Amino acid sequence: MAISKNILLVEDEEILYDIYIKMLTERGYNVILANNGKKGYKILRKEKPDLVLLDILLPVMDGFMFLKKIKKDASIKNIPVIILSNLGQDSDIAKGLELGAVDYCIKNSTSIDELLEKIKKYLA
Amino acid sequence: MKYCEIPSDLQQEILYHSPIGIYTIDKHGKVDSFNPKMMELAGVSDLSQVIGLNTLTSPSYKKAGLVKFFKEGLKGKPFFADSIEYYSYTTGKRSVRTYHGVPLKNSKGRCERLLLLVQDVTDKEQIMEDLRMSEENYRTLYDLANDGIIKFDEQFRFVSMNKKAVQITGYIDKEIKGKNILEMGIIAPSSLSMVAKELKAGLKSRVNTPFEFEIIKKDGRKIWVELSCAPISIKNKVVGVVSIVRDCSVRKELSKMRAEFISIASHQLQTPLSAIKLSSELFINGYLGKLNKEQSKYIKHIDQSSKRAITLVNNLLKSSQIEQGRIKFAKKPVALQKLIAEIIKEEHFVIDEKDIQIVMENKVDKTPLVNIDPAMIRIVIQNIISNAIKYNKLHGKIIITSETSQRNVIFAFEDTGVGIPDDQQKRVFTEFFRAENVLSLSTVGTGLGLSIAKQIVELSGGDMWLDSIEGKGTKIYISIPKLKKIK
């Protein structure tokens with residue numbers, strides 16, 4: 001059996017991370033949670049997970065800043081980051097992708113299945 | 001002084017035809033001649049009725065205050081009496097007259113008779129009175145009006161303003177009289193070119209829609225005003241512009257607050273709605289174990305309701321962002337027909353479910369490119385097509401046609417649905433509007449789609465309108481500027 005992939009989930013809303021953790025662990029992923037951007041960045045550098053699910057509106061350090069920081073760090077800059085946010089303006093999406101995210105999912109309009117498909121794709 | 005001699009027979013003619021009443025009195029005040037115009041003024045038909053009448057003792061003359069003039073006249077002093085109110089001694093009828101008294105002297109210089117030239121100015125007096133009333137009415141309106149009224153000359157220099165305009169601008173009449181509104185710094189620089197354009201249009205046409213701009217009051221504060229104007233013409237020549245100005249800062253501020261409130265409320269609703277939607281998906285997708293039939297039914301209700309609420313919140317947010325001008329339009333050449341085909345493909349589930357036939361006219365394929373933000377026009381077309389499906393009947397039709405004018409491309413989407421009642425068609429493009437005849441159907445809708453669509457089309461320089469017959473269907477038109485050919 002293949003080794004489980006590690007996913008870093010950076011999300012501050014308990015009610016939401018609870019759901020994402022349930023859905024990911026059910027599919028056999030290991031989930032590491034960070035409830036703010038700064039913690040997320042620390043964990044990212046230490047654990048070097050296979051993929052990051054990143055919210056934008058976060059305490060301490062927001063998602064955009066998080067992306068800027070990892071872009072500068074060669075050891076982690078190739079880890080795929082999927083933005084998972086309800087900020088849905090075109091300008092937000094453009095900014096996220098420009099800062100190096102591989103995809104941008106809007107929480108309200110992306111179903112669990114769609115999100116899992118994307119995760120699978122970027123982990124392949 | 002030399003006068004031209006008038007032959008005596010001609011003198012008679014002149015007296016006979018004169019439009020001025022002419023008569024004479026002797027030194028005792030008794031009438032001794034009377035011309036026909038004077039007879040008409042006096043209301044008499046026979047000379048015997050007036051010849052010999054003593055004007056100095058007549059009650060009518062006394063009442064009119066003429067006696068003292070006549071006495072003076074008979075002493076040799078010419079007079080002019082204005083605005084004499086005269087009540088006829090035969091009929092009692094009131095008239096307003098002017099009297100010229102000319103003493104006629106003998107060779108010894110003594111006054112023998114008095115010549116009287118009389119004009120009836122009753123009508124003129126009435127006109128003047130009416131004019132005074134009208135001026136008075138206008139003054140009162142002008143001063144009491146709750147809107148500012150400003151007059152400009154044809155060079156847009158201030159001519160006058162009323163009290164309210166003084167209150168709005170902070171300037172008093174004298175300070176800005178003669179100054180050019182476009183040059184004196186009262187208009188915020190960002191609004192200047194627009195105001196210049198609108199005022200010029202105001203010189204030409206009486207039908208101008210009000211426009212809004214920012215002014216800088218005398219105390220330096222900036223406020224928003226709404227102004228409408230119309231030309232003032234004298235003998236077909238435009239001599240200036242009269243404008244009505246309103247302080248609309250409160251309305252502007254409220255609308256900003258409203259948009260901000262919608263924006264904050266919508267953002268705050270996003271997370272709980274995501275949680276509801278995702279949780280129900282966990283159930284539906286079996287992550288939380290197998291559900292029985294009944295549980296599954298109600299979870300689906302939660303799921304569907306959360307999706308509806310999400311659509312509503314997203315639409316509200318989009319609408320307020322568009323209204324606040326926070327969405328930038330990135331215009332590009334777009335083939336609308338391709339976009340329409342794509343959207344129809346995406347909607348095929350619902351189209352098939354209702355067995356709706358989509359008819360696209362052949363020439364639609366050859367429609368020229370338009371210049372528009374593709375993401376924005378996608379929202380518009382999605383809304384139109386989704387409505388055409390939603391409110392269509394089973395086995396209905398959607399007919400898509402296009403026309404090209406010199407500047408625009410016009411697409412029309414005609415459905416065979418429930419239609420919109422006549423009296424409600426005007427409100428179709430306003431926020432939260434849903435026609436009464438669809439409220440009774442179970443069809444879901446937020447009442448925001450078409451309002452957003454129209455805002456987008458208008459902000460793209462186009463227009464959107466409709467034809468509809470209740471019970472037969474609706475035809476929605478959008479007109480979008482054509483892409484200009486690069487020479």
# chains A, B, ... in the order shown; residues from 1 in each chain; ligands from 1

$ closest_atom_pairs --of "chain A" --to "chain B" --cutoff "9 Å" --atoms "only C-alpha atoms" --output "tab-separated table"
residue	atom	partner	partner_atom	distance
A:Glu13	CA	B:Thr271	CA	8.0
A:Ile15	CA	B:Ala275	CA	6.5
A:Leu16	CA	B:Ala275	CA	5.8
A:Ile19	CA	B:Ser279	CA	6.6
A:Tyr20	CA	B:Leu278	CA	8.5
A:Lys22	CA	B:Tyr287	CA	8.0
A:Met23	CA	B:Tyr287	CA	7.0
A:Glu26	CA	B:Tyr287	CA	7.1
A:Asn86	CA	B:Gln270	CA	6.7
A:Leu87	CA	B:His267	CA	8.5
A:Gly88	CA	B:Asn314	CA	9.0
A:Gln89	CA	B:Ile327	CA	8.2
A:Asp90	CA	B:Ile327	CA	8.5
A:Ser91	CA	B:Ile327	CA	8.6
A:Lys107	CA	B:Ser274	CA	6.2
A:Asn108	CA	B:Ser274	CA	5.2
A:Ser109	CA	B:Ile310	CA	8.3
A:Ser111	CA	B:Leu278	CA	7.4
A:Ile112	CA	B:Glu281	CA	6.9
A:Asp113	CA	B:Asn285	CA	8.5

$ write_last_selection --atoms "N, CA and C atoms" --output "mmCIF file, in the first residue's frame"
data_model
loop_
_atom_site.group_PDB
_atom_site.id
_atom_site.type_symbol
_atom_site.label_atom_id
_atom_site.label_comp_id
_atom_site.auth_asym_id
_atom_site.auth_seq_id
_atom_site.Cartn_x
_atom_site.Cartn_y
_atom_site.Cartn_z
ATOM 1 N N GLU A 13 -11.256 28.831 10.399
ATOM 2 C CA GLU A 13 -12.635 28.602 10.838
ATOM 3 C C GLU A 13 -12.808 27.143 11.248
ATOM 4 N N ILE A 15 -15.338 25.394 12.142
ATOM 5 C CA ILE A 15 -16.463 24.697 11.535
ATOM 6 C C ILE A 15 -16.119 24.189 10.119
ATOM 7 N N LEU A 16 -15.229 24.940 9.444
ATOM 8 C CA LEU A 16 -14.842 24.521 8.097
ATOM 9 C C LEU A 16 -13.691 23.513 8.111
ATOM 10 N N ILE A 19 -14.757 20.011 8.703
ATOM 11 C CA ILE A 19 -15.339 19.337 7.534
ATOM 12 C C ILE A 19 -14.242 18.866 6.568
ATOM 13 N N TYR A 20 -13.296 19.781 6.298
ATOM 14 C CA TYR A 20 -12.233 19.408 5.344
ATOM 15 C C TYR A 20 -11.400 18.235 5.883
ATOM 16 N N LYS A 22 -12.367 15.895 7.919
ATOM 17 C CA LYS A 22 -13.186 14.678 7.795
ATOM 18 C C LYS A 22 -13.120 14.122 6.367
ATOM 19 N N MET A 23 -13.319 15.027 5.415
ATOM 20 C CA MET A 23 -13.370 14.600 4.016
ATOM 21 C C MET A 23 -12.012 14.068 3.548
ATOM 22 N N GLU A 26 -10.989 10.703 5.401
ATOM 23 C CA GLU A 26 -11.810 9.608 4.859
ATOM 24 C C GLU A 26 -11.205 9.074 3.570
ATOM 25 N N ASN A 86 -13.355 32.100 0.054
ATOM 26 C CA ASN A 86 -14.619 32.648 -0.463
ATOM 27 C C ASN A 86 -14.420 34.013 -1.118
ATOM 28 N N LEU A 87 -13.187 34.499 -1.134
ATOM 29 C CA LEU A 87 -12.921 35.722 -1.882
ATOM 30 C C LEU A 87 -12.998 35.352 -3.360
ATOM 31 N N GLY A 88 -14.014 35.860 -4.027
ATOM 32 C CA GLY A 88 -14.236 35.347 -5.378
ATOM 33 C C GLY A 88 -14.090 36.361 -6.491
ATOM 34 N N GLN A 89 -13.583 37.559 -6.166
ATOM 35 C CA GLN A 89 -13.447 38.537 -7.244
ATOM 36 C C GLN A 89 -12.324 38.145 -8.193
ATOM 37 N N ASP A 90 -12.515 38.489 -9.443
ATOM 38 C CA ASP A 90 -11.510 38.157 -10.456
ATOM 39 C C ASP A 90 -10.123 38.641 -10.049
ATOM 40 N N SER A 91 -10.096 39.818 -9.420
ATOM 41 C CA SER A 91 -8.794 40.376 -9.043
ATOM 42 C C SER A 91 -8.123 39.511 -7.963
ATOM 43 N N LYS A 107 -14.842 28.321 -2.003
ATOM 44 C CA LYS A 107 -15.470 27.357 -1.084
ATOM 45 C C LYS A 107 -16.940 27.118 -1.406
ATOM 46 N N ASN A 108 -17.640 28.220 -1.669
ATOM 47 C CA ASN A 108 -19.081 28.112 -1.881
ATOM 48 C C ASN A 108 -19.476 27.427 -3.178
ATOM 49 N N SER A 109 -18.598 27.506 -4.157
ATOM 50 C CA SER A 109 -19.041 26.951 -5.431
ATOM 51 C C SER A 109 -18.227 25.729 -5.864
ATOM 52 N N SER A 111 -17.614 21.819 -5.110
ATOM 53 C CA SER A 111 -18.153 20.702 -4.322
ATOM 54 C C SER A 111 -17.001 19.857 -3.773
ATOM 55 N N ILE A 112 -17.311 19.055 -2.781
ATOM 56 C CA ILE A 112 -16.297 18.174 -2.182
ATOM 57 C C ILE A 112 -15.639 17.312 -3.255
ATOM 58 N N ASP A 113 -16.435 16.765 -4.138
ATOM 59 C CA ASP A 113 -15.890 15.895 -5.180
ATOM 60 C C ASP A 113 -14.928 16.648 -6.094
#

$ select_by_dssp --residues "region 171-302 of chain B" --states "strand (DSSP E)" --output "PyMOL selection string"
chain B and resi 211-216+222-234+237-247

$ atom_distance --atom1 "CA of Lys69 (chain A)" --atom2 "CA of Gln268 (chain B)"
27.9 Å

$ atom_distance --atom1 "CA of Glu98 (chain A)" --atom2 "CA of Val81 (chain A)"
12.1 Å

$ residues_around --residues "Ser4 (chain A)" --least-positions-apart "2" --cutoff "10 Å" --atoms "only C-alpha atoms" --output "PyMOL selection string"
chain A and resi 1-2+6-7+25+27-31+50

$ write_last_selection --atoms "all heavy atoms" --output "mmCIF file, in the first residue's frame"
data_model
loop_
_atom_site.group_PDB
_atom_site.id
_atom_site.type_symbol
_atom_site.label_atom_id
_atom_site.label_comp_id
_atom_site.auth_asym_id
_atom_site.auth_seq_id
_atom_site.Cartn_x
_atom_site.Cartn_y
_atom_site.Cartn_z
ATOM 1 N N MET A 1 0.842 -1.211 0.000
ATOM 2 C CA MET A 1 0.000 0.000 0.000
ATOM 3 C C MET A 1 0.869 1.250 0.000
ATOM 4 O O MET A 1 1.881 1.332 0.692
ATOM 5 C CB MET A 1 -0.896 -0.024 1.249
ATOM 6 C CG MET A 1 -2.084 0.892 1.120
ATOM 7 S SD MET A 1 -3.080 0.815 2.624
ATOM 8 C CE MET A 1 -3.781 2.417 2.575
ATOM 9 N N ALA A 2 0.457 2.196 -0.815
ATOM 10 C CA ALA A 2 1.243 3.427 -0.929
ATOM 11 C C ALA A 2 1.211 4.202 0.371
ATOM 12 O O ALA A 2 0.239 4.112 1.123
ATOM 13 C CB ALA A 2 0.681 4.289 -2.055
ATOM 14 N N ASN A 6 0.746 13.751 2.647
ATOM 15 C CA ASN A 6 0.508 14.745 3.692
ATOM 16 C C ASN A 6 -0.035 16.044 3.111
ATOM 17 O O ASN A 6 0.529 16.581 2.155
ATOM 18 C CB ASN A 6 1.806 15.067 4.432
ATOM 19 C CG ASN A 6 2.288 13.865 5.222
ATOM 20 O OD1 ASN A 6 1.484 13.108 5.774
ATOM 21 N ND2 ASN A 6 3.597 13.669 5.224
ATOM 22 N N ILE A 7 -1.115 16.506 3.696
ATOM 23 C CA ILE A 7 -1.703 17.774 3.237
ATOM 24 C C ILE A 7 -1.713 18.768 4.386
ATOM 25 O O ILE A 7 -2.179 18.441 5.488
ATOM 26 C CB ILE A 7 -3.139 17.556 2.704
ATOM 27 C CG1 ILE A 7 -3.095 16.696 1.427
ATOM 28 C CG2 ILE A 7 -3.826 18.901 2.411
ATOM 29 C CD1 ILE A 7 -4.431 16.356 0.846
ATOM 30 N N THR A 25 -9.374 12.917 5.503
ATOM 31 C CA THR A 25 -8.928 11.691 6.185
ATOM 32 C C THR A 25 -9.727 10.481 5.703
ATOM 33 O O THR A 25 -9.189 9.391 5.579
ATOM 34 C CB THR A 25 -9.053 11.817 7.719
ATOM 35 O OG1 THR A 25 -10.357 12.309 8.012
ATOM 36 C CG2 THR A 25 -8.019 12.764 8.281
ATOM 37 N N ARG A 27 -10.579 9.976 2.806
ATOM 38 C CA ARG A 27 -9.936 9.562 1.557
ATOM 39 C C ARG A 27 -8.491 9.091 1.754
ATOM 40 O O ARG A 27 -7.760 8.903 0.791
ATOM 41 C CB ARG A 27 -9.948 10.724 0.551
ATOM 42 C CG ARG A 27 -11.299 10.974 -0.082
ATOM 43 C CD ARG A 27 -11.724 9.754 -0.911
ATOM 44 N NE ARG A 27 -13.117 9.865 -1.268
ATOM 45 C CZ ARG A 27 -13.530 10.219 -2.482
ATOM 46 N NH1 ARG A 27 -12.653 10.497 -3.410
ATOM 47 N NH2 ARG A 27 -14.813 10.292 -2.724
ATOM 48 N N GLY A 28 -8.076 9.003 3.011
ATOM 49 C CA GLY A 28 -6.762 8.432 3.308
ATOM 50 C C GLY A 28 -5.608 9.405 3.339
ATOM 51 O O GLY A 28 -4.443 9.009 3.339
ATOM 52 N N TYR A 29 -5.889 10.697 3.345
ATOM 53 C CA TYR A 29 -4.780 11.660 3.434
ATOM 54 C C TYR A 29 -4.457 11.955 4.885
ATOM 55 O O TYR A 29 -5.327 11.896 5.755
ATOM 56 C CB TYR A 29 -5.156 12.981 2.735
ATOM 57 C CG TYR A 29 -5.401 12.836 1.250
ATOM 58 C CD1 TYR A 29 -6.675 13.031 0.721
ATOM 59 C CD2 TYR A 29 -4.347 12.530 0.380
ATOM 60 C CE1 TYR A 29 -6.911 12.918 -0.647
ATOM 61 C CE2 TYR A 29 -4.576 12.416 -0.984
ATOM 62 C CZ TYR A 29 -5.859 12.611 -1.496
ATOM 63 O OH TYR A 29 -6.074 12.481 -2.823
ATOM 64 N N ASN A 30 -3.178 12.295 5.143
ATOM 65 C CA ASN A 30 -2.798 12.803 6.463
ATOM 66 C C ASN A 30 -2.980 14.312 6.443
ATOM 67 O O ASN A 30 -2.474 14.977 5.539
ATOM 68 C CB ASN A 30 -1.317 12.536 6.748
ATOM 69 C CG ASN A 30 -1.090 11.078 7.063
ATOM 70 O OD1 ASN A 30 -1.954 10.396 7.628
ATOM 71 N ND2 ASN A 30 0.078 10.597 6.673
ATOM 72 N N VAL A 31 -3.673 14.825 7.422
ATOM 73 C CA VAL A 31 -3.900 16.269 7.426
ATOM 74 C C VAL A 31 -3.179 16.923 8.596
ATOM 75 O O VAL A 31 -3.286 16.468 9.736
ATOM 76 C CB VAL A 31 -5.409 16.601 7.510
ATOM 77 C CG1 VAL A 31 -5.623 18.116 7.423
ATOM 78 C CG2 VAL A 31 -6.176 15.900 6.401
ATOM 79 N N ASP A 50 3.035 17.354 1.023
ATOM 80 C CA ASP A 50 2.942 17.149 -0.423
ATOM 81 C C ASP A 50 2.079 18.205 -1.100
ATOM 82 O O ASP A 50 2.205 18.429 -2.309
ATOM 83 C CB ASP A 50 2.339 15.758 -0.706
ATOM 84 C CG ASP A 50 3.196 14.671 -0.091
ATOM 85 O OD1 ASP A 50 4.338 14.509 -0.550
ATOM 86 O OD2 ASP A 50 2.740 14.022 0.889
#

$ residues_around --residues "Lys42 (chain A)" --least-positions-apart "3" --cutoff "12 Å" --atoms "only C-alpha atoms" --output "mmCIF file with N, CA and C atoms, in the first residue's frame"
data_model
loop_
_atom_site.group_PDB
_atom_site.id
_atom_site.type_symbol
_atom_site.label_atom_id
_atom_site.label_comp_id
_atom_site.auth_asym_id
_atom_site.auth_seq_id
_atom_site.Cartn_x
_atom_site.Cartn_y
_atom_site.Cartn_z
ATOM 1 N N LEU A 8 -1.164 19.971 4.121
ATOM 2 C CA LEU A 8 -1.241 21.035 5.127
ATOM 3 C C LEU A 8 -2.489 21.866 4.839
ATOM 4 N N VAL A 10 -4.419 25.171 5.840
ATOM 5 C CA VAL A 10 -4.304 26.439 6.570
ATOM 6 C C VAL A 10 -5.673 27.106 6.548
ATOM 7 N N ILE A 32 -2.403 17.977 8.280
ATOM 8 C CA ILE A 32 -1.798 18.779 9.342
ATOM 9 C C ILE A 32 -2.526 20.124 9.285
ATOM 10 N N LEU A 33 -2.988 20.565 10.449
ATOM 11 C CA LEU A 33 -3.766 21.811 10.465
ATOM 12 C C LEU A 33 -2.959 22.979 11.022
ATOM 13 N N ALA A 34 -3.124 24.145 10.382
ATOM 14 C CA ALA A 34 -2.589 25.386 10.946
ATOM 15 C C ALA A 34 -3.715 26.397 10.906
ATOM 16 N N ASN A 35 -3.950 27.077 12.060
ATOM 17 C CA ASN A 35 -5.113 27.981 12.042
ATOM 18 C C ASN A 35 -4.737 29.450 11.824
ATOM 19 N N ASN A 36 -3.477 29.675 11.457
ATOM 20 C CA ASN A 36 -3.134 30.999 10.932
ATOM 21 C C ASN A 36 -1.969 30.886 9.964
ATOM 22 N N GLY A 37 -1.704 31.950 9.231
ATOM 23 C CA GLY A 37 -0.698 31.889 8.177
ATOM 24 C C GLY A 37 0.709 31.661 8.701
ATOM 25 N N LYS A 38 1.007 32.289 9.830
ATOM 26 C CA LYS A 38 2.358 32.187 10.362
ATOM 27 C C LYS A 38 2.680 30.753 10.792
ATOM 28 N N LYS A 39 1.715 30.150 11.513
ATOM 29 C CA LYS A 39 1.890 28.752 11.939
ATOM 30 C C LYS A 39 2.038 27.866 10.713
ATOM 31 N N ARG A 45 7.636 24.673 6.363
ATOM 32 C CA ARG A 45 9.099 24.547 6.269
ATOM 33 C C ARG A 45 9.605 23.314 6.978
ATOM 34 N N LYS A 46 8.958 22.974 8.103
ATOM 35 C CA LYS A 46 9.434 21.862 8.916
ATOM 36 C C LYS A 46 9.002 20.515 8.319
ATOM 37 N N GLU A 47 7.742 20.445 7.951
ATOM 38 C CA GLU A 47 7.186 19.152 7.541
ATOM 39 C C GLU A 47 7.266 18.903 6.040
ATOM 40 N N LYS A 48 7.375 19.932 5.266
ATOM 41 C CA LYS A 48 7.397 19.830 3.799
ATOM 42 C C LYS A 48 6.319 18.868 3.279
ATOM 43 N N PRO A 49 5.049 19.229 3.481
ATOM 44 C CA PRO A 49 3.947 18.356 3.052
ATOM 45 C C PRO A 49 3.901 18.223 1.525
ATOM 46 N N MET A 61 -1.035 36.180 9.568
ATOM 47 C CA MET A 61 -0.455 36.348 8.229
ATOM 48 C C MET A 61 -1.492 35.842 7.222
ATOM 49 N N PHE A 66 1.525 34.637 2.786
ATOM 50 C CA PHE A 66 2.019 33.256 2.888
ATOM 51 C C PHE A 66 2.643 32.827 1.553
ATOM 52 N N LYS A 69 5.945 34.538 0.797
ATOM 53 C CA LYS A 69 7.075 34.017 1.567
ATOM 54 C C LYS A 69 7.586 32.692 1.003
ATOM 55 N N ILE A 70 6.657 31.833 0.624
ATOM 56 C CA ILE A 70 7.170 30.530 0.142
ATOM 57 C C ILE A 70 7.815 30.648 -1.232
ATOM 58 N N ILE A 76 10.835 25.024 -0.383
ATOM 59 C CA ILE A 76 9.401 24.732 -0.331
ATOM 60 C C ILE A 76 8.608 25.307 -1.515
#

$ atom_distance --atom1 "CA of Val250 (chain B)" --atom2 "CA of Glu458 (chain B)"
24.7 Å
